[in-house]
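coords.cif (mmCIF, C-alpha atoms)
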data_model
#
loop_
_atom_site.label_atom_id
_atom_site.label_comp_id
_atom_site.auth_asym_id
_atom_site.auth_seq_id
_atom_site.Cartn_x
_atom_site.Cartn_y
_atom_site.Cartn_z
CA MET A 29 -9.83 10.65 -14.45
CA SER A 30 -8.47 12.79 -17.30
CA PHE A 31 -5.47 15.07 -16.84
CA PHE A 32 -7.64 18.17 -17.40
CA LYS A 33 -10.31 17.11 -14.90
CA HIS A 34 -7.68 16.29 -12.25
CA GLU A 35 -5.88 19.63 -12.64
CA LEU A 36 -9.20 21.53 -12.66
CA LYS A 37 -10.10 19.95 -9.30
CA VAL A 38 -6.72 21.05 -7.86
CA LEU A 39 -7.22 24.59 -9.18
CA LEU A 40 -10.75 24.81 -7.76
CA ARG A 41 -9.53 23.64 -4.33
CA LYS A 42 -6.93 26.42 -4.36
CA ILE A 43 -9.43 29.09 -5.44
CA LEU A 44 -11.99 27.99 -2.82
CA GLY A 45 -9.35 27.67 -0.10
CA ARG A 46 -10.03 23.99 0.43
CA VAL A 47 -7.35 21.53 1.45
CA ARG A 48 -7.53 17.88 0.42
CA PRO A 49 -6.38 15.48 3.17
CA SER A 50 -4.38 12.51 1.90
CA ALA A 51 -2.55 9.50 3.29
CA TYR A 52 0.54 7.65 2.09
CA ILE A 53 2.25 4.47 3.23
CA LEU A 54 5.95 3.62 3.41
CA LEU A 55 6.43 -0.13 3.07
CA LYS A 56 9.87 -1.69 3.61
CA ASP A 57 11.02 -5.24 2.99
CA GLY A 58 14.63 -5.81 4.00
CA ASP A 59 16.62 -3.15 2.15
CA LYS A 60 13.84 -2.42 -0.37
CA PHE A 61 11.02 0.15 -0.41
CA LEU A 62 7.80 -0.06 -2.39
CA LEU A 63 7.30 2.81 -4.84
CA VAL A 64 4.58 3.45 -7.41
CA GLN A 65 4.92 5.24 -10.75
CA GLU A 66 2.12 7.73 -11.38
CA MET A 67 0.02 7.91 -14.54
CA ILE A 68 -2.20 10.98 -13.88
CA GLY A 69 -1.84 14.75 -13.92
CA LEU A 70 1.37 16.71 -13.66
CA ILE A 71 3.11 13.82 -11.89
CA VAL A 72 2.94 11.35 -14.82
CA GLY A 73 5.99 9.09 -14.72
CA LEU A 74 7.15 10.19 -11.28
CA TRP A 75 7.78 7.64 -8.53
CA GLY A 76 6.38 8.01 -5.03
CA LEU A 77 4.73 6.24 -2.12
CA PRO A 78 1.40 4.45 -2.52
CA GLY A 79 -1.41 6.66 -1.30
CA GLY A 80 -3.98 9.28 -2.16
CA GLY A 81 -6.95 11.29 -1.04
CA MET A 82 -9.00 10.52 2.04
CA LYS A 83 -12.72 9.89 1.69
CA LYS A 84 -15.22 11.87 3.73
CA GLY A 85 -15.25 10.61 7.34
CA GLU A 86 -12.20 8.38 6.80
CA SER A 87 -9.26 8.55 9.22
CA PRO A 88 -5.75 9.01 7.81
CA GLU A 89 -4.83 5.50 9.00
CA ASP A 90 -7.86 3.91 7.31
CA ALA A 91 -7.14 5.87 4.13
CA ALA A 92 -3.53 4.59 4.06
CA LYS A 93 -4.77 1.00 4.49
CA ARG A 94 -7.38 1.43 1.74
CA GLU A 95 -4.91 3.04 -0.64
CA ALA A 96 -2.38 0.23 -0.09
CA ARG A 97 -5.07 -2.35 -0.86
CA GLU A 98 -6.41 -0.47 -3.91
CA GLU A 99 -3.10 0.66 -5.42
CA VAL A 100 -0.72 -2.24 -4.75
CA GLY A 101 -2.83 -5.18 -3.53
CA TYR A 102 -1.48 -5.39 0.03
CA GLU A 103 -3.32 -5.57 3.34
CA ILE A 104 -1.28 -3.59 5.85
CA GLU A 105 -1.03 -2.65 9.49
CA ILE A 106 0.00 0.86 10.47
CA GLU A 107 3.10 0.86 12.69
CA ARG A 108 3.34 4.63 13.22
CA GLU A 109 2.88 8.02 11.61
CA ILE A 110 6.15 9.30 10.18
CA GLU A 111 5.07 12.83 9.32
CA SER A 112 2.18 15.11 8.38
CA TYR A 113 2.83 18.14 6.22
CA GLU A 114 1.06 20.65 3.99
CA ASP A 115 1.68 20.51 0.23
CA LYS A 116 0.70 24.04 -0.79
CA LYS A 117 1.36 23.40 -4.48
CA ARG A 118 -1.23 20.58 -4.56
CA SER A 119 -3.45 22.14 -1.87
CA SER A 120 -3.30 19.07 0.35
CA ILE A 121 -2.34 17.87 3.81
CA ARG A 122 -0.32 14.66 3.56
CA HIS A 123 -0.12 12.05 6.31
CA VAL A 124 2.74 9.59 5.85
CA PHE A 125 2.75 6.28 7.74
CA LEU A 126 5.16 3.39 8.18
CA GLY A 127 3.32 0.16 7.54
CA LYS A 128 3.77 -3.59 7.65
CA ILE A 129 2.35 -6.00 5.07
CA VAL A 130 0.05 -8.60 6.61
CA GLY A 131 -1.50 -10.07 3.44
CA GLY A 132 -2.05 -9.83 -0.29
CA GLU A 133 0.38 -9.75 -3.18
CA LEU A 134 1.88 -7.00 -5.30
CA LYS A 135 -0.40 -5.99 -8.17
CA HIS A 136 -0.60 -2.33 -9.11
CA GLN A 137 -3.80 -0.50 -9.95
CA LYS A 138 -3.65 0.10 -13.69
CA LEU A 139 -6.04 3.09 -13.93
CA GLU A 140 -3.81 5.50 -11.98
CA LEU A 141 -0.40 3.80 -11.91
CA MET A 142 2.11 2.83 -14.57
CA ASP A 143 4.07 0.51 -12.30
CA ALA A 144 4.91 -0.54 -8.73
CA LYS A 145 8.31 -1.90 -7.71
CA TRP A 146 10.40 -2.84 -4.71
CA LEU A 147 13.60 -0.78 -4.97
CA THR A 148 16.76 -0.40 -2.91
CA MET A 149 17.87 3.08 -1.84
CA ASP A 150 20.60 2.97 -4.51
CA GLU A 151 17.98 2.15 -7.18
CA ILE A 152 15.75 4.96 -5.93
CA ILE A 153 18.62 7.44 -6.17
CA GLU A 154 19.23 6.30 -9.77
CA LEU A 155 15.61 6.95 -10.84
CA LYS A 156 15.17 9.74 -13.36
CA ASP A 157 13.44 12.89 -12.11
#
For the file at hand, write its structure as structure tokens.
Amino acid sequence: MSFFKHELKVLLRKILGRVRPSAYILLKDGDKFLLVQEMIGLIVGLWGLPGGGMKKGESPEDAAKREAREEVGYEIEIEREIESYEDKKRSSIRHVFLGKIVGGELKHQKLELMDAKWLTMDEIIELKD
């Protein structure tokens, strides 16, 4: 999806008063966390958790599992919900889950992501904003 089309969809959601539900997954392996580097919209180059928008009729848990599979190649189990919050700037409700990898291998989705890496907390702190 082009930058313009993505930002137009966000603007239309705001104008129409619609909120986009989304789900994200925190994956931890030892002292490392899996982050993805975005390639679309105003967040190009930024690092964050794997995740994205929920499809119609999809639960937040199922969306987090699908997004993990699509974005980083992992099959996961949901351990628990960490938090749900409203992102007014992006007109979305975000559900964040702690997950456990049960299959697959790391391979990032190249249409929306620049990269995916396992990083320690010190490495995350060192990332450029």
**Message:** Considering only C-alpha atoms, can you say which of A:Arg48, A:Arg97, A:Arg108, A:Leu54 comes closest to Gly76 in chain A?
**Reply:**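 Answer, going by the shortest atom-to-atom distance: A:Leu54.
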**Request:** Would you work out the distance separating CA of Gly80 in chain A from CA of Tyr52 in chain A, expressed in Å to one decimal?
**Result:**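 Straight-line distance from CA of Gly80 in chain A to CA of Tyr52 in chain A works out to 6.4 Å.
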**Request:** Do a neighbour search on Gln65 in chain A at 6 Å with only C-alpha atoms, toss out local chain neighbours closer than 3 positions, and write the hits as a ChimeraX atom specification.
**Result:** /A:73-75,141-143
**Request:** Have a look at A:Glu89, A:Glu107, A:Glu99, A:Glu66 and name the one nearest to Arg122 in chain A; count only C-alpha atoms.
**Result:**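 When distances to Arg122 in chain A are compared using only C-alpha atoms, the smallest one comes from A:Glu89.
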**Message:** Using Å and a single decimal, report how far CA of Lys56 in chain A sits from CA of Gly127 in chain A.
**Reply:** 7.9 Å
**Prompt:** At what distance in Å, to one decimal, does CA of Glu105 in chain A lie from CA of Asp150 in chain A?
**Reply:**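 Spanning CA of Asp150 in chain A to CA of Glu105 in chain A is a straight-line distance of 26.4 Å.
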**Request:** Compile the contact shell of range 130-133 of chain A as a list in words: residues with an atom at most 7 Å away, counting only C-alpha atoms, same-chain residues fewer than 3 positions apart removed.
**Result:**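 Final neighbour list, sorted by chain and number: Gly101, Tyr102, Glu103, Ile104 and Glu105 of chain A.
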**Asked** With distances taken over all atoms listed in the file, which of A:Leu63, A:Leu139, A:Ile110, A:Ile129 is nearest to Pro78 in chain A?
**Response**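 Looking at the shortest contact to Pro78 in chain A, the residue is A:Leu63.
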The residues within 6 Å of (14.6, 1.4, -2.2), using only C-alpha atoms and the coordinates of the file, should be reported as a PDB file with C-alpha atoms, keeping the file's coordinate frame; which are they?
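Final output, result.pdb:
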ATOM      1  CA  LYS A  60      13.840  -2.420  -0.370  1.00  0.00           C
ATOM      2  CA  PHE A  61      11.020   0.150  -0.410  1.00  0.00           C
ATOM      3  CA  LEU A 147      13.600  -0.780  -4.970  1.00  0.00           C
ATOM      4  CA  THR A 148      16.760  -0.400  -2.910  1.00  0.00           C
ATOM      5  CA  MET A 149      17.870   3.080  -1.840  1.00  0.00           C
ATOM      6  CA  ILE A 152      15.750   4.960  -5.930  1.00  0.00           C
TER       7      ILE A 152
END
**Prompt:** Taking all atoms listed in the file into account, which of A:Val100, A:Ser87, A:Met67, A:Ala92 comes nearest Lys145 in chain A?
**Reply:**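 Ranked by minimum distance to Lys145 in chain A, first place goes to A:Val100.
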Taking every listed atom of range 91-99 of chain A and adding 3 Å to each side, what centre and edge lengths in Å (one decimal) does the axis-aligned box have, as lines of an AutoDock Vina configuration file?
center_x = -4.9
center_y = 1.8
center_z = -0.5
size_x = 11.0
size_y = 14.2
size_z = 15.9
**Item:** Contacts of Gly85 in chain A within 12 Å, all atoms listed in the file, excl. fewer than 5 positions in-chain, as a ChimeraX atom specification
**Value:** /A:49,90-91
Could you write those residues out with C-alpha atoms, as a CSV table (one decimal), in the frame of the given file?
chain,number,residue,atom,x,y,z
A,49,PRO,CA,-6.4,15.5,3.2
A,90,ASP,CA,-7.9,3.9,7.3
A,91,ALA,CA,-7.1,5.9,4.1
**Nearest candidate to Ile68 in chain A (options A:Lys138, A:Trp146, A:Glu154, A:Lys83; using only C-alpha atoms)** =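 Of all the options, A:Lys138 lies closest to Ile68 in chain A.
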**Request:** Give me the result of the PyMOL selection byres ((chain A and resi 109) around 8) on this file, residue by residue, as a list of chain:residue names.
**Result:**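 Those residues are A:Ile106, A:Glu107, A:Arg108, A:Ile110, A:Glu111, A:Ser112, A:His123, A:Val124, A:Phe125, A:Leu126.
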